[in-house]
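Trainee: Structure file model-v2.txt, compact mmCIF, C-alpha atoms, is pasted below:
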```txt
# COMPACT_ATOMS: atom_id res chain seq x y z
CA MET A 1 -24.64 32.34 23.25
CA ILE A 2 -22.09 33.57 20.73
CA SER A 3 -19.18 32.94 23.14
CA ALA A 4 -20.62 29.56 24.22
CA GLN A 5 -20.45 28.13 20.66
CA PRO A 6 -16.64 27.97 20.39
CA PHE A 7 -16.48 26.57 23.93
CA PHE A 8 -18.78 23.65 23.09
CA ARG A 9 -17.05 23.10 19.76
CA ARG A 10 -13.65 22.90 21.44
CA ALA A 11 -15.04 20.61 24.13
CA LEU A 12 -16.38 18.36 21.34
CA LEU A 13 -12.99 18.31 19.58
CA ILE A 14 -11.19 17.43 22.83
CA GLY A 15 -13.83 14.72 23.42
CA ILE A 16 -13.20 13.25 19.96
CA LEU A 17 -9.44 13.20 20.55
CA LEU A 18 -9.84 11.59 23.98
CA LEU A 19 -12.17 8.98 22.44
CA GLY A 20 -9.53 8.29 19.76
CA LEU A 21 -6.85 7.94 22.42
CA GLY A 22 -9.05 5.55 24.40
CA TRP A 23 -9.82 3.48 21.30
CA THR A 24 -6.10 3.28 20.44
CA PHE A 25 -5.32 2.03 23.95
CA PHE A 26 -8.32 -0.34 24.08
CA SER A 27 -7.46 -1.95 20.73
CA ARG A 28 -3.75 -2.40 21.41
CA VAL A 29 -2.41 -5.87 20.62
CA THR A 30 -1.91 -7.94 23.75
CA THR A 31 0.26 -11.05 23.87
CA GLU A 32 -2.88 -13.20 23.74
CA ASN A 33 -3.99 -11.93 20.35
CA ALA A 34 -0.55 -11.24 18.84
CA ALA A 35 0.13 -12.61 15.36
CA GLU A 36 1.51 -15.94 16.52
CA GLY A 37 0.65 -19.47 15.54
CA ARG A 38 -0.79 -18.48 12.18
CA ALA A 39 -1.65 -21.24 9.73
CA PRO A 40 0.65 -21.38 6.69
CA ALA A 41 -0.50 -19.09 3.87
CA PRO A 42 1.18 -17.53 0.81
CA GLN A 43 1.19 -14.01 2.26
CA ALA A 44 3.77 -11.81 3.96
CA GLY A 45 3.78 -12.43 7.72
CA PHE A 46 2.60 -16.06 7.46
CA PRO A 47 4.61 -19.32 7.58
CA ALA A 48 5.45 -20.48 4.05
CA PRO A 49 3.37 -23.54 3.07
CA ALA A 50 5.52 -26.70 3.16
CA PHE A 51 6.20 -28.70 -0.01
CA GLU A 52 8.40 -31.40 -1.44
CA LEU A 53 9.34 -31.45 -5.14
CA THR A 54 11.95 -33.17 -7.25
CA ASP A 55 14.55 -31.22 -9.20
CA LEU A 56 15.72 -31.84 -12.77
CA ASP A 57 18.07 -34.59 -11.54
CA GLY A 58 15.29 -36.36 -9.63
CA ARG A 59 16.51 -35.27 -6.18
CA LEU A 60 13.82 -34.52 -3.60
CA VAL A 61 13.89 -30.99 -2.16
CA SER A 62 11.82 -30.15 0.92
CA LEU A 63 11.21 -26.57 2.04
CA THR A 64 10.97 -27.72 5.67
CA ASP A 65 14.54 -29.08 5.49
CA LEU A 66 15.76 -25.57 4.64
CA ARG A 67 14.47 -24.06 7.92
CA GLY A 68 17.20 -21.86 9.38
CA ARG A 69 18.28 -20.58 5.95
CA PRO A 70 16.77 -17.70 3.99
CA VAL A 71 15.05 -18.81 0.79
CA ILE A 72 14.05 -17.01 -2.42
CA LEU A 73 11.26 -19.08 -3.99
CA ASN A 74 10.60 -18.17 -7.61
CA PHE A 75 7.70 -19.54 -9.70
CA TRP A 76 8.39 -19.57 -13.43
CA ALA A 77 7.80 -21.19 -16.83
CA SER A 78 10.00 -21.28 -19.92
CA TRP A 79 7.33 -19.62 -22.10
CA CYS A 80 7.03 -16.66 -19.71
CA ALA A 81 9.13 -13.76 -21.03
CA PRO A 82 9.57 -11.84 -17.74
CA CYS A 83 10.52 -15.14 -16.01
CA ARG A 84 13.23 -15.72 -18.60
CA ALA A 85 14.42 -12.12 -18.29
CA GLU A 86 14.95 -12.30 -14.52
CA MET A 87 16.74 -15.67 -14.44
CA PRO A 88 20.26 -14.22 -15.07
CA ALA A 89 19.75 -11.83 -12.11
CA LEU A 90 18.63 -14.76 -9.94
CA GLN A 91 21.74 -16.71 -10.99
CA ALA A 92 24.00 -13.73 -10.20
CA VAL A 93 22.47 -13.40 -6.73
CA ALA A 94 22.69 -17.18 -6.18
CA ASP A 95 26.43 -17.07 -6.99
CA GLU A 96 27.05 -13.99 -4.86
CA TYR A 97 25.21 -15.13 -1.73
CA ALA A 98 25.61 -18.94 -1.77
CA GLU A 99 28.46 -18.83 0.75
CA ARG A 100 26.33 -16.83 3.17
CA GLY A 101 23.64 -19.51 3.12
CA LEU A 102 21.03 -18.00 0.81
CA VAL A 103 19.00 -20.62 -1.07
CA ILE A 104 17.26 -19.95 -4.38
CA LEU A 105 14.59 -22.40 -5.54
CA ALA A 106 12.91 -21.99 -8.91
CA VAL A 107 9.63 -23.90 -9.19
CA ASN A 108 8.86 -24.61 -12.82
CA ALA A 109 5.14 -24.74 -13.65
CA ALA A 110 5.71 -28.14 -15.27
CA PHE A 111 1.95 -28.79 -15.48
CA GLN A 112 1.73 -26.03 -18.11
CA ASP A 113 5.27 -26.10 -19.51
CA ARG A 114 7.20 -28.50 -21.73
CA ALA A 115 9.98 -30.29 -19.86
CA GLU A 116 12.38 -30.11 -22.86
CA ASP A 117 11.88 -26.34 -23.13
CA ALA A 118 12.59 -25.88 -19.41
CA VAL A 119 15.70 -28.09 -19.57
CA ALA A 120 16.98 -26.28 -22.67
CA PHE A 121 16.49 -22.88 -21.05
CA VAL A 122 18.31 -23.97 -17.89
CA ALA A 123 21.23 -25.34 -19.90
CA GLN A 124 21.37 -22.32 -22.20
CA ASN A 125 21.58 -19.91 -19.25
CA GLY A 126 23.85 -22.06 -17.09
CA LEU A 127 21.46 -22.00 -14.13
CA THR A 128 22.96 -23.84 -11.18
CA PHE A 129 20.32 -23.37 -8.47
CA PRO A 130 17.69 -26.11 -8.00
CA ILE A 131 14.94 -26.13 -10.65
CA LEU A 132 11.96 -27.93 -9.11
CA LEU A 133 9.20 -29.46 -11.20
CA ASP A 134 5.61 -28.88 -10.13
CA ARG A 135 4.11 -31.54 -12.39
CA ASP A 136 0.56 -31.54 -11.02
CA GLY A 137 0.41 -27.81 -10.14
CA GLN A 138 -0.23 -28.55 -6.47
CA VAL A 139 2.51 -26.23 -5.17
CA ASN A 140 1.41 -23.42 -7.54
CA ARG A 141 -2.13 -23.78 -6.16
CA ARG A 142 -0.91 -23.94 -2.55
CA TYR A 143 0.99 -20.68 -3.11
CA GLN A 144 -1.99 -19.19 -5.00
CA VAL A 145 0.21 -18.27 -7.94
CA HIS A 146 -2.09 -16.44 -10.36
CA SER A 147 0.57 -15.02 -12.66
CA LEU A 148 4.20 -15.73 -13.51
CA PRO A 149 6.74 -14.87 -12.33
CA THR A 150 5.85 -14.69 -8.65
CA THR A 151 8.62 -14.60 -6.05
CA PHE A 152 8.41 -15.30 -2.32
CA PHE A 153 11.11 -14.12 0.08
CA ILE A 154 11.20 -16.47 3.06
CA GLY A 155 13.16 -15.79 6.25
CA PRO A 156 15.21 -18.38 8.16
CA ASP A 157 12.27 -18.75 10.57
CA GLY A 158 10.09 -19.97 7.68
CA LEU A 159 7.99 -16.77 7.64
CA ILE A 160 7.26 -15.10 4.31
CA ARG A 161 8.78 -11.60 4.38
CA GLU A 162 7.55 -10.34 1.01
CA VAL A 163 5.73 -11.48 -2.12
CA VAL A 164 6.56 -9.89 -5.48
CA ILE A 165 4.01 -10.60 -8.21
CA GLY A 166 5.27 -9.98 -11.74
CA GLY A 167 8.65 -9.17 -13.14
CA PRO A 168 11.31 -9.12 -14.31
CA MET A 169 12.95 -8.28 -11.00
CA SER A 170 16.24 -6.45 -11.41
CA SER A 171 19.46 -7.68 -9.82
CA ALA A 172 19.47 -4.65 -7.45
CA SER A 173 15.99 -5.56 -6.31
CA LEU A 174 17.04 -9.15 -5.62
CA ARG A 175 20.25 -8.04 -3.87
CA VAL A 176 18.40 -5.67 -1.54
CA ARG A 177 15.97 -8.42 -0.57
CA ALA A 178 18.72 -11.02 -0.22
CA GLU A 179 20.63 -8.71 2.14
CA SER A 180 17.47 -8.08 4.14
CA LEU A 181 16.83 -11.84 4.48
CA LEU A 182 20.43 -12.49 5.51
CA GLU A 183 20.25 -9.79 8.17
CA SER A 184 17.55 -11.83 9.91
CA VAL A 185 19.78 -14.91 10.18
CA PRO A 186 20.57 -15.34 13.89
CA MET B 1 -9.16 -12.02 -3.62
CA PHE B 2 -8.27 -11.31 -7.28
CA PRO B 3 -4.65 -10.12 -7.42
CA THR B 4 -4.46 -10.54 -11.19
CA LEU B 5 -6.92 -10.32 -14.05
CA PRO B 6 -6.04 -12.62 -16.96
CA ILE B 7 -6.85 -10.99 -20.32
CA GLY B 8 -5.64 -13.30 -23.10
CA PRO B 9 -1.88 -13.74 -22.71
CA LEU B 10 -1.68 -10.72 -20.40
CA SER B 11 -2.02 -10.78 -16.64
CA ILE B 12 -3.17 -7.39 -15.35
CA GLN B 13 -2.50 -6.58 -11.69
CA THR B 14 -6.01 -5.89 -10.36
CA PRO B 15 -4.97 -3.65 -7.40
CA GLY B 16 -3.03 -1.34 -9.73
CA LEU B 17 -5.92 -1.30 -12.20
CA LEU B 18 -8.41 -0.39 -9.45
CA LEU B 19 -6.15 2.42 -8.22
CA LEU B 20 -5.86 3.79 -11.76
CA ILE B 21 -9.67 3.72 -12.14
CA GLY B 22 -10.00 5.50 -8.78
CA VAL B 23 -7.52 8.23 -9.70
CA PHE B 24 -9.17 8.68 -13.13
CA LEU B 25 -12.71 8.96 -11.72
CA GLY B 26 -11.53 11.18 -8.87
CA LEU B 27 -9.68 13.59 -11.15
CA ASN B 28 -12.70 13.71 -13.44
CA LEU B 29 -14.88 14.73 -10.51
CA ALA B 30 -12.29 17.23 -9.24
CA GLU B 31 -12.00 18.76 -12.71
CA ARG B 32 -15.76 19.42 -12.85
CA ARG B 33 -15.85 20.92 -9.34
CA ALA B 34 -12.62 22.93 -9.45
CA ALA B 35 -13.77 26.09 -11.29
CA PRO B 36 -15.74 27.73 -8.42
CA ARG B 37 -12.61 27.51 -6.25
CA GLY B 38 -10.61 29.54 -8.75
CA VAL B 39 -8.36 26.64 -9.68
CA PRO B 40 -8.23 26.02 -13.46
CA ALA B 41 -8.90 22.35 -14.32
CA ASP B 42 -5.92 22.15 -16.69
CA ARG B 43 -3.66 23.30 -13.85
CA LEU B 44 -4.99 20.43 -11.72
CA TYR B 45 -3.96 17.92 -14.40
CA SER B 46 -0.57 19.61 -14.86
CA LEU B 47 -0.01 19.39 -11.12
CA VAL B 48 -0.90 15.67 -11.12
CA PHE B 49 1.50 15.10 -14.02
CA VAL B 50 4.32 16.91 -12.18
CA MET B 51 3.55 14.94 -9.00
CA PHE B 52 3.50 11.62 -10.89
CA LEU B 53 6.86 12.15 -12.61
CA SER B 54 8.64 13.65 -9.61
CA GLY B 55 7.10 11.05 -7.29
CA LEU B 56 8.35 8.23 -9.49
CA ALA B 57 11.86 9.70 -9.71
CA GLY B 58 11.89 10.48 -5.98
CA ALA B 59 10.72 6.97 -5.06
CA ARG B 60 13.51 5.39 -7.13
CA LEU B 61 16.24 7.77 -5.92
CA SER B 62 15.15 7.40 -2.30
CA PHE B 63 15.25 3.59 -2.64
CA ALA B 64 18.72 3.80 -4.24
CA ALA B 65 19.96 6.13 -1.49
CA GLN B 66 18.88 3.59 1.14
CA HIS B 67 20.59 0.69 -0.67
CA PRO B 68 23.67 2.17 -2.39
CA ALA B 69 25.64 -1.09 -2.44
CA ALA B 70 23.00 -2.90 -4.51
CA PHE B 71 22.99 -0.12 -7.10
CA ARG B 72 26.79 0.16 -7.18
CA ALA B 73 26.86 -3.53 -8.18
CA ALA B 74 24.17 -2.97 -10.85
CA PRO B 75 23.97 0.76 -11.74
CA LEU B 76 21.57 0.17 -14.66
CA SER B 77 18.98 -1.04 -12.16
CA LEU B 78 18.39 2.65 -11.44
CA PHE B 79 16.42 2.74 -14.70
CA ALA B 80 14.85 -0.75 -14.45
CA LEU B 81 11.09 -1.09 -15.00
CA ASP B 82 10.84 -2.72 -11.59
CA PRO B 83 8.18 -1.42 -9.15
CA ALA B 84 9.90 -3.36 -6.36
CA LEU B 85 12.68 -0.72 -6.47
CA LEU B 86 10.50 2.16 -5.26
CA ASP B 87 10.31 3.76 -1.81
CA PRO B 88 6.69 4.99 -1.43
CA PHE B 89 7.46 7.49 1.36
CA GLY B 90 10.35 9.03 -0.59
CA GLY B 91 8.05 9.23 -3.62
CA LEU B 92 5.25 10.90 -1.67
CA ALA B 93 7.61 13.44 -0.10
CA THR B 94 9.16 14.32 -3.48
CA ALA B 95 5.74 14.59 -5.15
CA ALA B 96 4.47 16.91 -2.39
CA LEU B 97 7.59 19.10 -2.64
CA ALA B 98 7.34 19.26 -6.44
CA ALA B 99 3.63 20.16 -6.18
CA LEU B 100 4.45 22.97 -3.75
CA ILE B 101 7.12 24.39 -6.05
CA ALA B 102 4.99 24.06 -9.21
CA GLY B 103 1.91 25.45 -7.46
CA ARG B 104 3.83 28.50 -6.26
CA ARG B 105 5.29 29.06 -9.74
CA TRP B 106 1.81 28.86 -11.31
CA GLY B 107 0.33 31.15 -8.67
CA LEU B 108 -1.92 28.52 -7.11
CA ALA B 109 -2.84 29.21 -3.49
CA LEU B 110 -2.20 26.21 -1.22
CA TRP B 111 -5.53 25.80 0.60
CA PRO B 112 -7.94 26.36 -2.34
CA THR B 113 -5.84 23.94 -4.41
CA LEU B 114 -6.02 21.30 -1.66
CA ASP B 115 -9.81 21.88 -1.53
CA ALA B 116 -9.98 21.44 -5.31
CA PHE B 117 -8.07 18.14 -5.04
CA THR B 118 -10.28 16.78 -2.25
CA PRO B 119 -12.90 15.13 -4.54
CA ALA B 120 -10.08 13.21 -6.27
CA LEU B 121 -8.64 12.11 -2.91
CA ALA B 122 -12.07 11.08 -1.59
CA VAL B 123 -12.84 8.90 -4.63
CA THR B 124 -9.34 7.38 -4.67
CA ALA B 125 -9.69 6.47 -0.96
CA VAL B 126 -12.68 4.22 -1.81
CA PHE B 127 -10.65 2.46 -4.51
CA ILE B 128 -7.66 1.98 -2.16
CA GLY B 129 -9.94 -0.19 0.01
CA LEU B 130 -11.08 -2.14 -3.06
CA ALA B 131 -7.47 -2.54 -4.28
CA ASN B 132 -6.52 -3.98 -0.88
CA LEU B 133 -9.48 -6.37 -1.11
CA ALA B 134 -8.24 -7.53 -4.53
CA SER B 135 -4.65 -8.07 -3.34
CA GLY B 136 -5.54 -9.55 0.07
CA LYS B 137 -3.32 -6.96 1.76
CA ALA B 138 -4.35 -4.88 4.81
CA PHE B 139 -6.19 -8.00 6.01
CA GLY B 140 -8.26 -8.30 9.16
CA ALA B 141 -7.84 -10.19 12.41
CA PRO B 142 -9.54 -13.59 12.78
CA THR B 143 -13.23 -13.34 13.72
CA SER B 144 -16.23 -15.59 14.27
CA LEU B 145 -18.65 -12.83 13.22
CA PRO B 146 -21.04 -13.89 10.42
CA TRP B 147 -19.68 -11.29 7.98
CA GLY B 148 -16.10 -12.55 8.28
CA ILE B 149 -14.45 -13.41 4.95
CA PRO B 150 -12.29 -16.51 4.38
CA LEU B 151 -8.77 -15.22 3.82
CA TRP B 152 -5.34 -16.69 4.44
CA GLY B 153 -6.74 -19.85 6.01
CA GLU B 154 -9.19 -18.24 8.46
CA SER B 155 -12.41 -16.26 8.69
CA ARG B 156 -11.26 -12.65 9.07
CA HIS B 157 -12.67 -9.17 9.54
CA PRO B 158 -13.20 -7.72 6.03
CA THR B 159 -11.13 -4.65 6.97
CA GLN B 160 -10.67 -3.74 3.29
CA VAL B 161 -14.48 -3.60 2.96
CA TYR B 162 -14.76 -1.54 6.17
CA GLN B 163 -12.19 0.87 4.71
CA ALA B 164 -13.94 1.12 1.32
CA LEU B 165 -17.39 1.53 2.91
CA GLY B 166 -16.16 4.13 5.39
CA SER B 167 -14.46 6.07 2.58
CA ALA B 168 -17.70 5.88 0.52
CA ILE B 169 -19.62 7.35 3.49
CA ILE B 170 -17.04 10.17 3.80
CA LEU B 171 -17.44 10.80 0.04
CA ALA B 172 -21.24 10.99 0.48
CA ILE B 173 -20.94 13.35 3.50
CA LEU B 174 -18.69 15.78 1.62
CA TRP B 175 -20.33 15.40 -1.82
CA LYS B 176 -22.53 18.53 -1.61
CA ARG B 177 -19.57 20.66 -0.51
CA PHE B 178 -17.36 19.71 -3.47
CA GLY B 179 -18.81 22.30 -5.84
CA ARG B 180 -19.77 24.96 -3.28
CA PRO B 181 -16.80 26.78 -1.84
CA ALA B 182 -17.41 27.97 1.71
CA PRO B 183 -14.99 29.56 4.15
CA PRO B 184 -12.55 28.82 5.61
CA GLU B 185 -10.19 28.05 2.73
CA GLY B 186 -8.80 24.55 3.17
CA GLY B 187 -11.81 23.60 5.31
CA LEU B 188 -12.99 20.93 2.85
CA PHE B 189 -9.57 19.31 2.66
CA LEU B 190 -9.10 19.39 6.45
CA GLN B 191 -12.56 17.89 7.02
CA PHE B 192 -11.77 15.08 4.56
CA ALA B 193 -8.37 14.47 6.16
CA ALA B 194 -9.84 14.47 9.70
CA LEU B 195 -12.66 12.07 8.73
CA THR B 196 -10.21 9.76 6.94
CA ALA B 197 -7.79 9.81 9.90
CA GLY B 198 -10.75 8.94 12.18
CA LEU B 199 -11.76 6.10 9.88
CA ILE B 200 -8.22 4.67 9.81
CA LEU B 201 -8.01 5.00 13.61
CA PHE B 202 -11.23 2.98 13.92
CA VAL B 203 -10.62 0.30 11.25
CA GLU B 204 -7.00 -0.36 12.23
CA ALA B 205 -8.28 -1.96 15.46
CA PHE B 206 -9.65 -4.85 13.38
CA ARG B 207 -6.50 -5.39 11.30
CA GLY B 208 -4.49 -8.58 11.57
CA ASP B 209 -1.24 -7.16 10.18
CA SER B 210 -0.63 -4.04 12.28
CA ARG B 211 2.89 -2.87 12.95
CA LEU B 212 3.32 -2.56 16.68
CA LEU B 213 4.97 0.03 18.89
CA PHE B 214 5.70 -0.18 22.62
CA GLY B 215 3.00 -1.76 24.78
CA GLY B 216 1.29 -3.35 21.78
CA LEU B 217 0.07 0.02 20.44
CA ARG B 218 -0.61 -0.04 16.71
CA GLN B 219 1.72 2.31 14.78
CA THR B 220 -0.92 3.30 12.21
CA GLN B 221 -3.41 4.26 14.94
CA VAL B 222 -0.84 6.50 16.64
CA ILE B 223 -0.04 8.23 13.31
CA ALA B 224 -3.78 8.54 12.49
CA TRP B 225 -4.46 10.07 15.94
CA ILE B 226 -1.69 12.67 15.43
CA ALA B 227 -3.08 13.46 11.95
CA LEU B 228 -6.60 13.77 13.40
CA ALA B 229 -5.39 16.14 16.13
CA LEU B 230 -3.47 18.27 13.59
CA CYS B 231 -6.44 18.51 11.20
CA LEU B 232 -8.95 19.34 13.95
CA GLY B 233 -6.54 21.88 15.45
CA LEU B 234 -5.97 23.60 12.09
CA LEU B 235 -9.68 23.57 11.31
CA GLU B 236 -10.48 25.11 14.69
CA ARG B 237 -7.82 27.80 14.20
CA LYS B 238 -9.18 28.68 10.77
CA ARG B 239 -12.74 28.87 12.13
CA SER B 240 -11.64 31.06 15.07
CA ARG B 241 -9.84 33.44 12.70
CA LEU B 242 -12.90 33.57 10.46
CA ALA B 243 -15.13 34.33 13.46
CA ALA B 244 -12.71 37.03 14.63
CA GLU B 245 -12.68 38.60 11.16
CA ALA B 246 -16.47 38.45 11.05
CA GLY B 247 -16.62 40.09 14.50
CA ALA B 248 -14.28 42.83 13.27
CA GLY B 249 -16.69 43.66 10.46
CA ASP B 250 -15.31 41.58 7.61
CA PRO B 251 -17.69 42.31 4.70
CA LEU B 252 -16.97 38.86 3.18
CA SER B 253 -18.44 36.97 6.13
CA GLU B 254 -21.41 34.76 5.21
CA ASN B 255 -22.39 33.71 8.69
CA ARG B 256 -23.45 36.99 10.24
CA SER B 257 -27.11 37.71 10.78
CA PRO B 258 -28.56 41.09 9.69
CA GLN B 259 -28.70 42.08 13.39
CA GLN B 260 -24.98 41.41 13.82
CA GLN B 261 -24.22 43.44 10.74
```
Once more with this new file: its structure as structure tokens, please.
Mentor:
Amino acid sequence: MISAQPFFRRALLIGILLLGLGWTFFSRVTTENAAEGRAPAPQAGFPAPAFELTDLDGRLVSLTDLRGRPVILNFWASWCAPCRAEMPALQAVADEYAERGLVILAVNAAFQDRAEDAVAFVAQNGLTFPILLDRDGQVNRRYQVHSLPTTFFIGPDGLIREVVIGGPMSSASLRVRAESLLESVP
Amino acid sequence: MFPTLPIGPLSIQTPGLLLLIGVFLGLNLAERRAAPRGVPADRLYSLVFVMFLSGLAGARLSFAAQHPAAFRAAPLSLFALDPALLDPFGGLATAALAALIAGRRWGLALWPTLDAFTPALAVTAVFIGLANLASGKAFGAPTSLPWGIPLWGESRHPTQVYQALGSAIILAILWKRFGRPAPPEGGLFLQFAALTAGLILFVEAFRGDSRLLFGGLRQTQVIAWIALALCLGLLERKRSRLAAEAGAGDPLSENRSPQQQ
């Protein structure tokens, strides 16, 4: 009896491991249930929800038109201190990577910001990338932005690679993510 | 999904807050159950402090080592208060190494210390599931089951809830053993690690965001299976040694009957 106990215990352990191996094989992802054809959602691994907004000059900017180029989509407001703090880093990255096709879009939460404050901040900091105005908050809601700043990193295929909630993001952080997005350009 | 908690002008990140609560409650429990294992409670806190600081430094340095060009262009970013500049694996490795060095210097034996930490790990595991539920990360595959939760445009398996519930069950299973040391040393930790690896192996099958290996195998399941095999193997070895010692007339053995003695 004493010698039988370890035998049964070891048989049980081997059984557990074989069961685990079987479960791993059984639950493998086949092509039928692979993560394809997902509906757009503001989460890494999903297609970025489409939108059209006008910039400070009244020009219409559509995210869909930017397909094929990596996009950094930043949600901000002029009263938000971390948003203000990360804008120079965004401008530096915009300047550095513009030639390689990186697009930076900054969506101003115009429904809870004063237009003159946003314009003054943009002028004061010499921001040259498009500042889009979300006047009715629809795009903020579509992207489920609960706090500012929130930044989405979107690949050339339109898939969201990463979401960073909060800030300020440092220029190194933005550079690393810009490089990663550009690496995925075919 | 509640990624942030607005308190006045502040916006608190709920997942981080939940993790902090988990670590706090877990350490509190570990502190109260550590004494019988011969691990002083203040040493536990010192070890956590060392792990936190070294983990943070290691995570930043590891991230910088992987992206030297970005830091050469902006060297001050090395000190930026930016959690997006951390490498979690580098941080974990550094924290573990620092804990080993500090533990050895303070004369803490490895296995009893891991046993003493197990209550903290078990409580934190429950809160990791809740933190994932708050952030919407570690989400499930689409399902038509009645308990599916609406997330990211579809009804999905509530994998974060499965994880939290499973971890709560593991906590309940091990609860009575937290304050009662029993041989072998490290047995409590290895049981917790094996049960958690088994739970991850099971729940991962319902995830909708798994990283894939060859043939569609899920990376996390493969890692969890290896961890499970290691933990069970170590546990079995420790038990065999204990049985051998008991058979050789070890006076410390608890499991021998009067007849055997």
Trainee: Counting all atoms listed in the file, which residues from chain B have an atom at most 9 Å from any atom of chain A, and could you show them as an mmCIF file with C-alpha atoms, in the coordinates of the input?
Mentor:
```cif
data_model
loop_
_atom_site.group_PDB
_atom_site.id
_atom_site.type_symbol
_atom_site.label_atom_id
_atom_site.label_comp_id
_atom_site.auth_asym_id
_atom_site.auth_seq_id
_atom_site.Cartn_x
_atom_site.Cartn_y
_atom_site.Cartn_z
ATOM 1 C CA PHE B 2 -8.270 -11.310 -7.280
ATOM 2 C CA PRO B 3 -4.650 -10.120 -7.420
ATOM 3 C CA THR B 4 -4.460 -10.540 -11.190
ATOM 4 C CA LEU B 5 -6.920 -10.320 -14.050
ATOM 5 C CA PRO B 6 -6.040 -12.620 -16.960
ATOM 6 C CA SER B 11 -2.020 -10.780 -16.640
ATOM 7 C CA ILE B 12 -3.170 -7.390 -15.350
ATOM 8 C CA GLN B 13 -2.500 -6.580 -11.690
ATOM 9 C CA HIS B 67 20.590 0.690 -0.670
ATOM 10 C CA ALA B 69 25.640 -1.090 -2.440
ATOM 11 C CA ALA B 70 23.000 -2.900 -4.510
ATOM 12 C CA PHE B 71 22.990 -0.120 -7.100
ATOM 13 C CA ARG B 72 26.790 0.160 -7.180
ATOM 14 C CA ALA B 73 26.860 -3.530 -8.180
ATOM 15 C CA ALA B 74 24.170 -2.970 -10.850
ATOM 16 C CA PRO B 75 23.970 0.760 -11.740
ATOM 17 C CA LEU B 76 21.570 0.170 -14.660
ATOM 18 C CA SER B 77 18.980 -1.040 -12.160
ATOM 19 C CA LEU B 78 18.390 2.650 -11.440
ATOM 20 C CA ALA B 80 14.850 -0.750 -14.450
ATOM 21 C CA LEU B 81 11.090 -1.090 -15.000
ATOM 22 C CA ASP B 82 10.840 -2.720 -11.590
ATOM 23 C CA PRO B 83 8.180 -1.420 -9.150
ATOM 24 C CA ALA B 84 9.900 -3.360 -6.360
ATOM 25 C CA LEU B 85 12.680 -0.720 -6.470
ATOM 26 C CA GLY B 136 -5.540 -9.550 0.070
ATOM 27 C CA LYS B 137 -3.320 -6.960 1.760
ATOM 28 C CA ALA B 141 -7.840 -10.190 12.410
ATOM 29 C CA TRP B 152 -5.340 -16.690 4.440
ATOM 30 C CA GLY B 153 -6.740 -19.850 6.010
ATOM 31 C CA GLU B 154 -9.190 -18.240 8.460
ATOM 32 C CA GLY B 198 -10.750 8.940 12.180
ATOM 33 C CA LEU B 201 -8.010 5.000 13.610
ATOM 34 C CA PHE B 202 -11.230 2.980 13.920
ATOM 35 C CA GLU B 204 -7.000 -0.360 12.230
ATOM 36 C CA ALA B 205 -8.280 -1.960 15.460
ATOM 37 C CA PHE B 206 -9.650 -4.850 13.380
ATOM 38 C CA GLY B 208 -4.490 -8.580 11.570
ATOM 39 C CA ASP B 209 -1.240 -7.160 10.180
ATOM 40 C CA SER B 210 -0.630 -4.040 12.280
ATOM 41 C CA LEU B 212 3.320 -2.560 16.680
ATOM 42 C CA GLY B 215 3.000 -1.760 24.780
ATOM 43 C CA GLY B 216 1.290 -3.350 21.780
ATOM 44 C CA LEU B 217 0.070 0.020 20.440
ATOM 45 C CA ARG B 218 -0.610 -0.040 16.710
ATOM 46 C CA GLN B 221 -3.410 4.260 14.940
ATOM 47 C CA VAL B 222 -0.840 6.500 16.640
ATOM 48 C CA TRP B 225 -4.460 10.070 15.940
ATOM 49 C CA LEU B 228 -6.600 13.770 13.400
ATOM 50 C CA ALA B 229 -5.390 16.140 16.130
ATOM 51 C CA LEU B 232 -8.950 19.340 13.950
ATOM 52 C CA GLY B 233 -6.540 21.880 15.450
ATOM 53 C CA GLU B 236 -10.480 25.110 14.690
ATOM 54 C CA SER B 240 -11.640 31.060 15.070
#
```
Trainee: Go ahead and find all residues with at least one atom no further than 8 Å from (-13.5, -9.4, 4.2) in the file's coordinates, using only C-alpha atoms; report them as a VMD selection string.
Mentor: chain B and resid 133 139 to 140 147 to 151 156 to 161
Trainee: List every protein, DNA or RNA residue with an atom no more than 8 Å from (-12.2, 1.7, -2.9) in the file's coordinates, counting all atoms listed in the file, and format the result as a PyMOL selection string.
Mentor: chain B and resi 18+22+123-131+163-165+167-168
Trainee: For the atom pair CA of Ala57 (chain B) and CA of Gly16 (chain B), what is the interatomic distance in Å to one decimal place?
Mentor: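 Taking CA of Ala57 (chain B) and CA of Gly16 (chain B), their separation equals 18.5 Å.
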Trainee: Might I get the box with edges along x, y and z of the file that holds all atoms of region 117-126 of chain B listed there, padded by 3 Å on every side, given as centre and edge lengths in Å to one decimal, as lines of an AutoDock Vina configuration file?
Mentor:
```
center_x = -10.5
center_y = 11.2
center_z = -3.6
size_x = 10.8
size_y = 19.9
size_z = 11.3
```
Trainee: What is the CA of Pro47 (chain A)-CA of Leu63 (chain A) distance in Å, reported with one decimal?
Mentor: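 Separation of CA of Pro47 (chain A) and CA of Leu63 (chain A): 11.3 Å.
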Trainee: Find the residues around Gln191 (chain B) up to 10 Å (all atoms listed in the file counted), leave out those fewer than 6 positions away in its own chain, and share them as a VMD selection string.
Mentor: chain B and resid 115 118 170 174 197 228 231 to 232 235
Trainee: Let me see the file: selected residues, C-alpha atoms, as a compact mmCIF listing (two decimals), in the coordinates of the input.
Mentor:
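Output below, filename part-v8.txt:
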```txt
# COMPACT_ATOMS: atom_id res chain seq x y z
CA ASP B 115 -9.81 21.88 -1.53
CA THR B 118 -10.28 16.78 -2.25
CA ILE B 170 -17.04 10.17 3.80
CA LEU B 174 -18.69 15.78 1.62
CA ALA B 197 -7.79 9.81 9.90
CA LEU B 228 -6.60 13.77 13.40
CA CYS B 231 -6.44 18.51 11.20
CA LEU B 232 -8.95 19.34 13.95
CA LEU B 235 -9.68 23.57 11.31
```
